[in-house]
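**Q** Here you go, this is structure_27.txt (compact mmCIF, C-alpha atoms).
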```
# COMPACT_ATOMS: atom_id res chain seq x y z
CA MET A 197 19.25 23.81 20.91
CA LEU A 198 21.91 23.62 18.18
CA ILE A 199 24.74 24.37 20.62
CA ALA A 200 23.58 21.56 22.92
CA ALA A 201 23.35 19.06 20.03
CA PRO A 202 26.88 17.59 20.34
CA VAL A 203 26.26 16.49 23.90
CA ARG A 204 22.86 15.00 23.37
CA GLU A 205 22.45 11.36 24.23
CA ARG A 206 21.58 10.33 20.67
CA SER A 207 24.72 11.97 19.30
CA GLN A 208 26.89 10.18 21.84
CA ARG A 209 25.31 6.80 21.06
CA GLU A 210 25.65 7.27 17.31
CA LEU A 211 29.28 8.34 17.64
CA ALA A 212 29.97 5.25 19.76
CA TYR A 213 28.23 3.14 17.11
CA VAL A 214 30.44 4.60 14.36
CA LEU A 215 33.56 3.88 16.44
CA MET A 216 32.44 0.24 16.76
CA VAL A 217 31.59 -0.13 13.07
CA PRO A 218 35.20 -0.77 11.88
CA PHE A 219 35.57 -3.67 14.31
CA MET A 220 32.25 -5.20 13.26
CA VAL A 221 33.06 -4.68 9.58
CA GLY A 222 36.44 -6.35 10.13
CA ALA A 223 34.75 -9.34 11.75
CA GLY A 224 32.28 -9.43 8.87
CA LEU A 225 35.07 -9.42 6.27
CA VAL A 226 36.81 -12.33 8.00
CA HIS A 227 33.51 -14.18 8.05
CA LEU A 228 32.86 -13.46 4.36
CA VAL A 229 36.25 -14.94 3.52
CA LEU A 230 35.32 -18.08 5.48
CA VAL A 231 31.99 -18.31 3.67
CA LEU A 232 33.66 -17.94 0.29
CA LEU A 233 36.23 -20.58 1.22
CA SER A 234 33.45 -22.90 2.41
CA VAL A 235 31.59 -22.48 -0.89
CA ILE A 236 34.75 -23.32 -2.82
CA LEU A 237 35.34 -26.41 -0.67
CA THR A 238 31.80 -27.74 -1.10
CA VAL A 239 33.15 -29.89 -3.93
CA ASN A 240 34.37 -32.25 -1.23
CA VAL A 241 32.96 -33.52 2.04
CA VAL A 242 34.76 -30.97 4.23
CA GLY A 243 33.15 -27.91 2.68
CA VAL A 244 29.51 -28.76 3.48
CA PRO A 245 29.79 -28.82 7.29
CA MET A 246 32.17 -25.87 7.10
CA LEU A 247 29.54 -23.89 5.18
CA ALA A 248 26.86 -24.87 7.69
CA LEU A 249 29.05 -23.64 10.54
CA SER A 250 29.69 -20.42 8.63
CA VAL A 251 25.95 -19.79 8.26
CA MET A 252 25.45 -20.41 11.97
CA ALA A 253 28.30 -18.01 12.72
CA ALA A 254 26.61 -15.46 10.47
CA ARG A 255 23.47 -15.77 12.59
CA GLY A 256 25.53 -14.99 15.70
CA LEU A 257 27.27 -12.06 13.99
CA GLY A 258 23.89 -10.77 12.85
CA THR A 259 22.62 -10.94 16.45
CA ALA A 260 25.59 -8.84 17.61
CA ASN A 261 25.06 -6.28 14.84
CA ARG A 262 21.33 -6.14 15.51
CA ARG A 263 21.78 -5.51 19.23
CA LEU A 264 24.42 -2.89 18.55
CA ALA A 265 22.21 -1.10 16.02
CA ARG A 266 19.24 -1.29 18.36
CA ALA A 267 21.12 0.06 21.39
CA TRP A 268 23.30 2.75 19.78
CA ALA A 269 21.88 3.56 16.33
CA GLY A 270 18.23 3.70 17.41
CA VAL A 271 17.05 1.00 14.98
CA ARG A 272 13.75 -0.63 15.92
CA VAL A 273 14.25 -4.14 14.62
CA PRO A 274 12.67 -7.22 16.23
CA ASP A 275 14.54 -10.47 16.77
CA PRO A 276 14.07 -13.21 14.18
CA GLY A 277 12.83 -16.62 15.20
CA PRO A 278 15.21 -19.03 16.95
CA PHE A 279 17.15 -21.68 15.07
CA ARG A 280 15.11 -24.86 14.80
CA ALA A 281 16.33 -28.25 13.72
CA GLY A 282 15.17 -31.81 14.09
CA PRO A 283 17.11 -34.44 16.03
CA GLY A 284 20.22 -35.88 14.47
CA LEU A 285 23.31 -34.48 12.83
CA LEU A 286 21.91 -34.54 9.28
CA ASN A 287 18.81 -32.62 10.31
CA ARG A 288 20.90 -29.97 12.05
CA LEU A 289 23.20 -29.75 9.06
CA GLY A 290 20.30 -29.30 6.64
CA ALA A 291 18.60 -26.75 8.89
CA ALA A 292 21.83 -24.74 9.14
CA LEU A 293 22.38 -24.73 5.37
CA GLY A 294 18.81 -23.56 4.81
CA ASP A 295 18.72 -21.02 7.65
CA VAL A 296 17.24 -17.86 6.11
CA THR A 297 18.29 -15.68 9.05
CA GLY A 298 21.92 -16.77 8.69
CA TRP A 299 22.01 -16.12 4.94
CA ARG A 300 20.39 -12.72 5.41
CA ALA A 301 23.15 -11.89 7.88
CA VAL A 302 25.74 -12.92 5.26
CA ILE A 303 24.14 -10.56 2.75
CA HIS A 304 24.13 -7.82 5.39
CA GLY A 305 27.87 -8.25 5.95
CA LEU A 306 28.48 -7.80 2.23
CA LEU A 307 26.12 -4.90 1.55
CA ARG A 308 27.07 -2.89 4.63
CA LEU A 309 30.61 -2.19 3.40
CA PRO A 310 29.77 1.03 1.49
CA ALA A 311 27.24 2.07 4.14
CA ALA A 312 29.81 1.63 6.91
CA GLY A 313 32.38 3.51 4.85
CA LEU A 314 30.01 6.45 4.44
CA ALA A 315 29.27 6.59 8.19
CA CYS A 316 32.95 6.40 9.17
CA ALA A 317 33.94 9.04 6.60
CA ALA A 318 31.21 11.40 7.84
CA ALA A 319 32.26 10.94 11.48
CA ALA A 320 35.96 11.38 10.66
CA GLY A 321 35.34 14.45 8.51
CA LEU A 322 32.90 16.19 10.84
CA TRP A 323 34.05 15.20 14.32
CA GLY A 324 37.74 14.64 13.54
CA GLY A 325 38.06 17.56 11.14
CA GLY A 326 36.15 19.83 13.49
CA LEU A 327 38.38 19.00 16.45
CA LEU A 328 41.49 19.43 14.32
CA LEU A 329 40.45 22.84 13.01
CA LEU A 330 39.21 23.94 16.42
CA GLY A 331 42.69 23.20 17.81
CA CYS A 332 44.48 25.36 15.23
CA PRO A 333 45.08 28.25 17.69
CA LEU A 334 46.68 25.85 20.15
CA TRP A 335 48.84 24.35 17.41
CA GLY A 336 49.88 27.85 16.25
CA GLN A 337 50.75 28.87 19.81
CA PHE A 338 52.79 25.71 20.30
CA SER A 339 54.64 26.27 17.00
CA ALA A 340 55.47 29.87 17.94
CA TRP A 341 56.64 28.78 21.37
CA ALA A 342 58.87 26.11 19.86
CA HIS A 343 60.10 28.56 17.20
CA LEU A 344 58.86 26.20 14.50
CA SER A 345 56.89 28.90 12.69
CA PRO A 346 55.75 32.48 13.27
CA PRO A 347 52.38 33.01 14.97
CA GLY A 348 49.51 32.42 12.55
CA TRP A 349 46.57 34.08 14.26
CA PRO A 350 45.06 35.49 11.06
CA VAL A 351 44.78 31.94 9.70
CA ALA A 352 44.02 30.16 12.98
CA ALA A 353 40.95 32.19 13.84
CA PRO A 354 38.93 31.33 10.68
CA ALA A 355 40.08 27.72 10.94
CA SER A 356 38.90 27.57 14.53
CA ALA A 357 35.53 29.03 13.53
CA ALA A 358 35.23 26.47 10.74
CA GLY A 359 36.06 23.70 13.22
CA LEU A 360 33.35 24.90 15.59
CA ALA A 361 30.87 24.94 12.74
CA LEU A 362 31.78 21.36 11.79
CA LEU A 363 31.33 20.21 15.39
CA LEU A 364 27.91 21.81 15.54
CA LEU A 365 26.91 20.09 12.30
CA ALA A 366 28.51 16.75 13.22
CA PRO A 367 25.55 15.18 15.13
CA LYS A 368 23.08 15.85 12.31
CA GLY A 369 25.58 14.85 9.63
CA VAL A 370 26.48 11.56 11.31
CA HIS A 371 22.79 10.82 11.90
CA LEU A 372 22.06 11.28 8.19
CA ALA A 373 25.14 9.27 7.17
CA LEU A 374 23.91 6.36 9.32
CA ALA A 375 20.62 6.14 7.37
CA PRO A 376 21.92 3.36 5.03
CA GLU A 377 23.20 1.43 8.05
CA ARG A 378 19.82 1.66 9.76
CA MET A 379 18.00 0.67 6.58
CA LEU A 380 20.16 -2.43 6.09
CA ALA A 381 19.75 -3.44 9.74
CA ARG A 382 15.96 -3.15 9.53
CA THR A 383 15.81 -4.97 6.20
CA LEU A 384 18.26 -7.83 6.75
CA LEU A 385 18.80 -8.35 10.49
CA GLY A 386 15.17 -8.68 11.56
CA PRO A 387 12.73 -11.47 10.74
CA ALA A 388 11.99 -12.11 7.09
CA PRO A 389 8.56 -10.90 5.88
CA GLY A 390 7.28 -14.45 5.57
CA GLU A 391 8.59 -15.32 9.02
CA THR A 392 6.80 -12.36 10.56
CA ARG A 393 3.56 -13.45 8.91
CA ILE A 394 4.00 -17.04 10.07
CA ARG A 395 4.78 -15.96 13.64
CA ARG A 396 1.71 -13.72 13.69
CA LEU A 397 -0.46 -16.54 12.39
CA GLU A 398 0.95 -18.93 14.99
CA GLN A 399 0.16 -16.45 17.74
CA ALA A 400 -3.29 -15.86 16.29
CA ARG A 401 -3.95 -19.60 16.13
CA ALA A 402 -2.84 -20.09 19.73
CA LEU A 403 -4.94 -17.15 20.88
CA ALA A 404 -7.97 -18.36 18.95
CA ALA A 405 -7.61 -21.82 20.48
CA GLU A 406 -7.31 -20.35 23.98
CA ASP A 407 -10.29 -18.09 23.37
CA ALA A 408 -12.39 -20.97 22.07
CA MET A 409 -11.42 -23.12 25.07
CA ALA A 410 -12.25 -20.32 27.49
CA ARG A 411 -15.64 -19.84 25.82
CA LEU A 412 -16.40 -23.56 26.00
CA ARG A 413 -15.43 -23.67 29.68
CA ARG A 414 -17.58 -20.64 30.44
CA ILE A 415 -20.56 -22.14 28.61
CA GLU A 416 -19.99 -25.48 30.36
CA ARG A 417 -19.81 -23.72 33.74
CA ASP A 418 -22.93 -21.69 33.06
CA LEU A 419 -24.83 -24.77 31.92
CA HIS A 420 -23.63 -26.83 34.88
CA ASP A 421 -24.08 -24.25 37.62
CA GLY A 422 -27.18 -22.54 36.26
CA THR A 423 -29.28 -24.31 33.67
CA ALA A 424 -28.52 -27.88 34.73
CA ALA A 425 -29.20 -27.12 38.39
CA ARG A 426 -32.51 -25.50 37.49
CA LEU A 427 -33.49 -28.51 35.38
CA VAL A 428 -32.70 -30.85 38.30
CA THR A 429 -34.85 -28.70 40.58
CA LEU A 430 -37.58 -28.67 37.95
CA ALA A 431 -37.53 -32.47 37.69
CA MET A 432 -37.67 -32.85 41.47
CA SER A 433 -40.55 -30.38 41.72
CA LEU A 434 -42.51 -32.18 39.04
CA GLY A 435 -41.83 -35.52 40.75
CA MET A 436 -43.08 -34.22 44.07
CA ALA A 437 -46.12 -32.70 42.36
CA GLN A 438 -46.86 -36.08 40.78
CA ASP A 439 -46.75 -37.74 44.21
CA GLU A 440 -49.07 -35.12 45.64
CA LEU A 441 -51.52 -35.49 42.73
CA GLU A 442 -51.71 -39.26 43.25
CA GLN A 443 -53.12 -38.48 46.70
CA ALA A 444 -55.12 -35.43 45.69
CA ASP A 445 -58.24 -36.60 47.55
CA GLU A 446 -57.23 -34.26 50.32
CA SER A 447 -57.48 -30.51 49.67
CA GLU A 448 -54.21 -29.88 51.50
CA ARG A 449 -52.28 -32.19 49.17
CA LEU A 450 -53.95 -30.61 46.14
CA GLN A 451 -52.80 -27.18 47.30
CA ARG A 452 -49.23 -28.48 47.73
CA ALA A 453 -49.33 -29.88 44.22
CA ARG A 454 -50.44 -26.52 42.85
CA VAL A 455 -47.56 -24.77 44.66
CA LEU A 456 -45.06 -27.27 43.28
CA VAL A 457 -46.40 -26.90 39.73
CA ASP A 458 -46.24 -23.09 40.00
CA SER A 459 -42.65 -23.31 41.22
CA ALA A 460 -41.73 -25.67 38.39
CA HIS A 461 -43.36 -23.32 35.89
CA ARG A 462 -41.31 -20.34 37.15
CA SER A 463 -38.16 -22.42 37.12
CA ALA A 464 -38.85 -23.51 33.54
CA LYS A 465 -39.26 -19.87 32.41
CA GLU A 466 -36.05 -18.83 34.17
CA THR A 467 -34.21 -21.73 32.56
CA VAL A 468 -35.43 -20.68 29.12
CA ALA A 469 -34.24 -17.12 29.82
CA GLU A 470 -30.80 -18.39 30.84
CA LEU A 471 -30.56 -20.47 27.68
CA ARG A 472 -31.44 -17.41 25.60
CA ASP A 473 -28.71 -15.41 27.34
CA LEU A 474 -26.20 -18.15 26.56
CA ILE A 475 -27.24 -18.17 22.92
CA ARG A 476 -26.88 -14.39 22.72
CA GLY A 477 -23.37 -14.70 24.15
CA ILE A 478 -22.41 -17.12 21.38
CA HIS A 479 -23.88 -15.03 18.56
CA PRO A 480 -25.69 -11.73 19.18
CA PRO A 481 -29.09 -11.89 17.47
CA ALA A 482 -28.83 -8.18 16.63
CA LEU A 483 -26.22 -9.05 13.99
CA ASP A 484 -28.86 -10.90 12.00
CA GLN A 485 -29.95 -7.51 10.66
CA GLY A 486 -26.43 -6.31 9.95
CA LEU A 487 -23.61 -4.62 11.85
CA GLU A 488 -24.97 -1.12 11.40
CA VAL A 489 -28.30 -1.97 13.04
CA ALA A 490 -26.57 -3.90 15.81
CA LEU A 491 -24.19 -1.04 16.64
CA ALA A 492 -26.99 1.53 16.46
CA THR A 493 -29.02 -0.53 18.93
CA LEU A 494 -25.99 -1.00 21.19
CA THR A 495 -25.24 2.73 21.19
CA ALA A 496 -28.85 3.66 21.88
CA ARG A 497 -28.84 1.42 24.97
CA SER A 498 -25.69 3.04 26.41
CA PRO A 499 -26.19 4.36 29.96
CA ILE A 500 -24.53 7.66 28.95
CA PRO A 501 -25.56 9.73 25.90
CA ALA A 502 -23.83 8.34 22.81
CA ARG A 503 -23.91 9.35 19.15
CA PHE A 504 -23.58 6.81 16.34
CA GLU A 505 -22.43 7.38 12.76
CA ALA A 506 -21.98 4.72 10.09
CA ASP A 507 -20.88 4.49 6.48
CA LEU A 508 -20.99 0.79 5.65
CA ALA A 509 -21.46 0.53 1.92
CA GLU A 510 -20.19 -3.06 2.05
CA ARG A 511 -21.18 -5.61 4.67
CA PRO A 512 -18.25 -7.29 6.43
CA ALA A 513 -17.82 -11.03 6.79
CA PRO A 514 -19.83 -12.58 9.67
CA VAL A 515 -16.74 -13.25 11.81
CA ILE A 516 -15.60 -9.64 11.32
CA GLU A 517 -19.04 -8.39 12.33
CA ALA A 518 -18.93 -10.48 15.49
CA ILE A 519 -15.48 -9.21 16.48
CA ALA A 520 -16.49 -5.61 15.71
CA TYR A 521 -19.65 -5.95 17.80
CA PHE A 522 -17.80 -7.39 20.79
CA CYS A 523 -15.09 -4.70 20.49
CA THR A 524 -17.68 -1.94 20.53
CA THR A 525 -19.46 -3.56 23.47
CA GLU A 526 -16.21 -3.74 25.45
CA LEU A 527 -15.15 -0.20 24.59
CA LEU A 528 -18.53 1.29 25.54
CA ALA A 529 -18.46 -0.68 28.78
CA ASN A 530 -15.02 0.80 29.53
CA VAL A 531 -16.36 4.29 28.88
CA VAL A 532 -19.14 3.74 31.41
CA LYS A 533 -16.94 2.05 34.04
CA HIS A 534 -13.63 3.89 33.89
CA SER A 535 -13.73 7.15 31.95
CA GLY A 536 -16.14 9.35 33.91
CA ALA A 537 -17.35 10.68 30.56
CA SER A 538 -20.61 12.53 30.00
CA HIS A 539 -20.82 11.81 26.29
CA ALA A 540 -19.50 9.22 23.83
CA ALA A 541 -19.51 8.68 20.09
CA VAL A 542 -19.22 5.54 17.95
CA GLU A 543 -18.22 5.58 14.28
CA ALA A 544 -18.15 2.64 11.86
CA ARG A 545 -16.87 3.04 8.31
CA ALA A 546 -15.94 0.66 5.50
CA HIS A 547 -13.34 1.91 3.05
CA ASP A 548 -10.56 0.37 0.94
CA GLY A 549 -11.19 -3.14 2.25
CA LEU A 550 -11.00 -2.06 5.91
CA LEU A 551 -13.62 -1.75 8.62
CA THR A 552 -12.76 1.15 10.93
CA LEU A 553 -14.37 1.45 14.35
CA ARG A 554 -13.77 4.56 16.43
CA VAL A 555 -15.05 5.11 19.96
CA ARG A 556 -14.59 8.57 21.51
CA ASP A 557 -15.41 9.91 24.95
CA ASP A 558 -14.88 13.17 26.82
CA GLY A 559 -13.69 11.48 29.99
CA THR A 560 -10.53 11.77 32.09
CA GLY A 561 -8.27 9.82 29.72
CA GLY A 562 -5.41 7.59 30.80
CA ALA A 563 -6.66 4.47 29.03
CA ALA A 564 -3.83 2.09 28.18
CA ILE A 565 -3.13 -1.60 27.70
CA GLY A 566 -2.35 -3.28 31.00
CA THR A 567 -4.36 -0.95 33.25
CA GLY A 568 -7.11 -3.47 33.97
CA SER A 569 -9.54 -2.17 31.36
CA GLY A 570 -9.42 -5.28 29.15
CA LEU A 571 -7.71 -3.47 26.27
CA GLY A 572 -4.91 -6.07 26.20
CA GLY A 573 -7.35 -8.89 25.51
CA LEU A 574 -9.16 -6.72 23.01
CA ALA A 575 -5.92 -6.00 21.14
CA ALA A 576 -5.02 -9.69 21.12
CA ARG A 577 -8.44 -10.63 19.73
CA VAL A 578 -8.16 -7.99 17.00
CA GLN A 579 -4.69 -9.21 16.01
CA THR A 580 -6.02 -12.71 15.39
CA LEU A 581 -7.66 -11.27 12.25
CA ASP A 582 -4.67 -9.11 11.23
CA GLY A 583 -6.36 -6.07 12.72
CA VAL A 584 -4.80 -3.21 14.67
CA ILE A 585 -5.90 -1.08 17.59
CA ASP A 586 -4.75 2.48 18.25
CA ILE A 587 -5.24 4.11 21.65
CA HIS A 588 -4.98 7.86 22.09
CA SER A 589 -5.86 8.78 25.66
CA PRO A 590 -3.78 11.57 27.21
CA ALA A 591 -4.24 12.47 30.85
CA GLY A 592 -7.29 14.67 31.11
CA GLY A 593 -8.82 13.22 27.96
CA PRO A 594 -10.36 12.92 25.53
CA THR A 595 -9.97 9.26 24.67
CA VAL A 596 -10.11 8.04 21.07
CA ILE A 597 -9.71 4.31 20.41
CA THR A 598 -9.59 3.15 16.80
CA VAL A 599 -9.92 -0.47 15.67
CA GLU A 600 -9.17 -1.48 12.10
CA LEU A 601 -10.23 -4.88 10.77
CA PRO A 602 -10.24 -6.36 7.28
CA LEU A 603 -13.69 -6.48 5.75
CA HIS A 604 -13.15 -10.07 4.62
CA ILE A 605 -10.79 -12.87 5.59
```
Once you've parsed the file, please lay out its structure as C-alpha cells.

**A**
Amino acid sequence: MLIAAPVRERSQRELAYVLMVPFMVGAGLVHLVLVLLSVILTVNVVGVPMLALSVMAARGLGTANRRLARAWAGVRVPDPGPFRAGPGLLNRLGAALGDVTGWRAVIHGLLRLPAAGLACAAAAGLWGGGLLLLGCPLWGQFSAWAHLSPPGWPVAAPASAAGLALLLLAPKGVHLALAPERMLARTLLGPAPGETRIRRLEQARALAAEDAMARLRRIERDLHDGTAARLVTLAMSLGMAQDELEQADESERLQRARVLVDSAHRSAKETVAELRDLIRGIHPPALDQGLEVALATLTARSPIPARFEADLAERPAPVIEAIAYFCTTELLANVVKHSGASHAAVEARAHDGLLTLRVRDDGTGGAAIGTGSGLGGLAARVQTLDGVIDIHSPAGGPTVITVELPLHI
C-alpha cells in the first residue's frame, strides 16, 4: 500500500494543485496590490469604482480558487450565493462594495500566503529532494564518465535510499502540508455562515409554501370530488323523497320514499366519515394525547410486528410532533411496501434539545433518496425545521433511518 501511494489519484491531484498554487498566489498578489491602490485612491472619485471592480474581481478569483481546491485538493466547499444588485449604476456600485463574498476572497488571498508557502516547500522538499537524491547514482556515473570526479558509489547508494524514502513519504507529507490551504478554502471561499442560514430558510419557506399549497389543493379536490358530490346526491335524494311523500297516498310511492330516505341516510353517514378522514389528515387526533401515545398506537397497528421504545421526558412543540408523526407513518409504510422485512422497531428519544426518531427493519436494504420511496420529500420536509435525516441501508439490510428534529422552534 505504501509503495503504491505515489501513484494514487489523490497524490497526483494534490501535486498538480501545489504546482498551480504559485500561479494563483501570484494572481492574488497582483490583485491585493490593486485593492490597496484602490483603497488609497478612495479619497477621490476614481478610487470608489476602482475598489468596487477590485471586489468583483476578488469574487471571480475566489471562484477559480474554490473550483481548483474542490477538484484537486479534495475540499468540499459549496458555492456562495450569486451577486445580486438592484437596477442602476449606483445600486450595482453599492452592492459590489458591500459584497461579503468578494471581501472574504480578498482576505483569503492575504491569509493564504504562508499556507501556500508551506505546501510548496513540502512538495519541493519531498518530491524534488527525493527525485534529486534518487538520481545520485546516475549523476555519479555521469561524472565518472566525463572524468569530472571519481565514482562515488559509497555515497550515492545511501543518498538514493534516502531519496526513495522521501518519495514514499511525499504523498502523505504534501497532504498534511495542504491542511491549512484546505481550511482556508472551506472557511473563506464558501458561503458565509449567515448566508448559509438565510439560504436554508429561503428554501424552507419555499418548501413550506409548496407543501401548504399542495395540501390545500388535495383538500379542495377531496371535498369537490367526494364530499361535495355526496352532498349533492343527498340533496337530490331528499328532494325526490319529498316529492314522493307529497303523494304518499299510494303504497308504491311510500315505499319509494322510504328507499330514497334510506339512501340519503347512508350517504350522510359516508359523508361524515369522509369529513372525519379529512380532519385526521390535517391533524391526527392521536396527537391530542401526546407523541408517545400516538407513535405507540401507530406502531401497534403496523401490518408487520413492530417494537416501540420511547424516552420523551419533554414534550415537543405541536408542529414538531406533527412532523415526527408523519415521518414515522411514512417510514413504517416504506417498511411494509418496499423492504420485505419481517420485523421493525421504532425509537423516539428527547435529549439535549433534540427529538430523535429511529426506524429499523430487517429487510433487504437498498433504501435511498430518489428511489421512489418518498425519502426525498421526507428529507425536504425535515429540513424545513432545521432537522436532518440519516439513511443507513446497505444491500442485504438492515435499514436504519434516523430523523433528528429540534424539540422547539

**Q** Excluding A:His534 and any residue of its chain fewer than 4 positions from it, enumerate the residues within 12 Å of it, using all atoms listed in the file, and give them as a ChimeraX atom specification.

**A** /A:526-530,538,557-564,567-570,595

**Q** List as a PyMOL selection string the protein and nucleic acid residues near stretch 212-223 of chain A, meaning an atom at most 8 Å away when all atoms listed in the file are counted, but skip any in the same chain fewer than 2 places from it.

**A** chain A and resi 208-210+225-227+261+264-265+268-269+305+308-309+312+315-316+319

**Q** Using all atoms listed in the file, which of A:Ala281, A:Leu380, A:Leu249, A:Leu362 sits nearest A:Ile303?

**A**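 Ranked by minimum distance to A:Ile303, first place goes to A:Leu380.
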
**Q** Using all atoms listed in the file, which protein or nucleic acid residues come within 8 Å of stretch 367-374 of chain A? Drop anything in the same chain fewer than 3 positions from it, and give the result as a list in words.

**A**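 That gives Ala201, Pro202, Ser207, Glu210, Leu211, Ala269, Ala311, Ala312, Leu314, Ala315, Ala318, Ala319, Leu322, Leu363, Leu364, Glu377 and Arg378 of chain A.
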
**Q** Rank nothing, just name the residue among A:Met246, A:Gly290, A:Val271, A:Ser535 nearest to A:Ala591, using all atoms listed in the file.

**A**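 The answer is A:Ser535, which sits nearest to A:Ala591.
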
**Q** One decimal, Å: what's the distance from atom CA of A:Leu574 over to atom CA of A:Leu491, could you say?

**A**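 Pair atom CA of A:Leu574 / atom CA of A:Leu491 returns 17.3 Å.
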
**Q** Could you pull the residues within 8 Å of stretch 276-279 of chain A, counting all atoms listed in the file, minus those fewer than 4 positions along the same chain, as a PyMOL selection string?

**A** chain A and resi 295+297+385-388+391

**Q** Between atom CA of A:Leu257 and atom CA of A:Asn240, what distance in Å does the model show, to one decimal?

**A**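 Atom-to-atom, atom CA of A:Leu257 to atom CA of A:Asn240, that is 26.3 Å.
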
**Q** What does the structure give for the distance between atom CA of A:Leu571 and atom CA of A:Leu601, in Å to one decimal?

**A**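 Atom CA of A:Leu601 lies 15.8 Å from atom CA of A:Leu571.
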
**Q** If we count all atoms listed in the file and set the cut-off at 10 Å, which residues sit around stretch 230-238 of chain A, ignoring sequence neighbours fewer than 4 positions away in its own chain? Please answer as a ChimeraX atom specification.

**A** /A:224-226,242-251,253-254,302

**Q** Please determine, counting only C-alpha atoms, which residue among A:Val555, A:Gly549, A:Leu306, A:Arg503 has the shortest atom-to-atom distance to A:Thr525.

**A**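 When distances to A:Thr525 are compared using only C-alpha atoms, the smallest one comes from A:Val555.
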
**Q** Nearest to A:Val542: which of A:Phe504, A:Val578, A:Glu510, A:Ile519 is it, counting all atoms listed in the file?

**A** A:Phe504
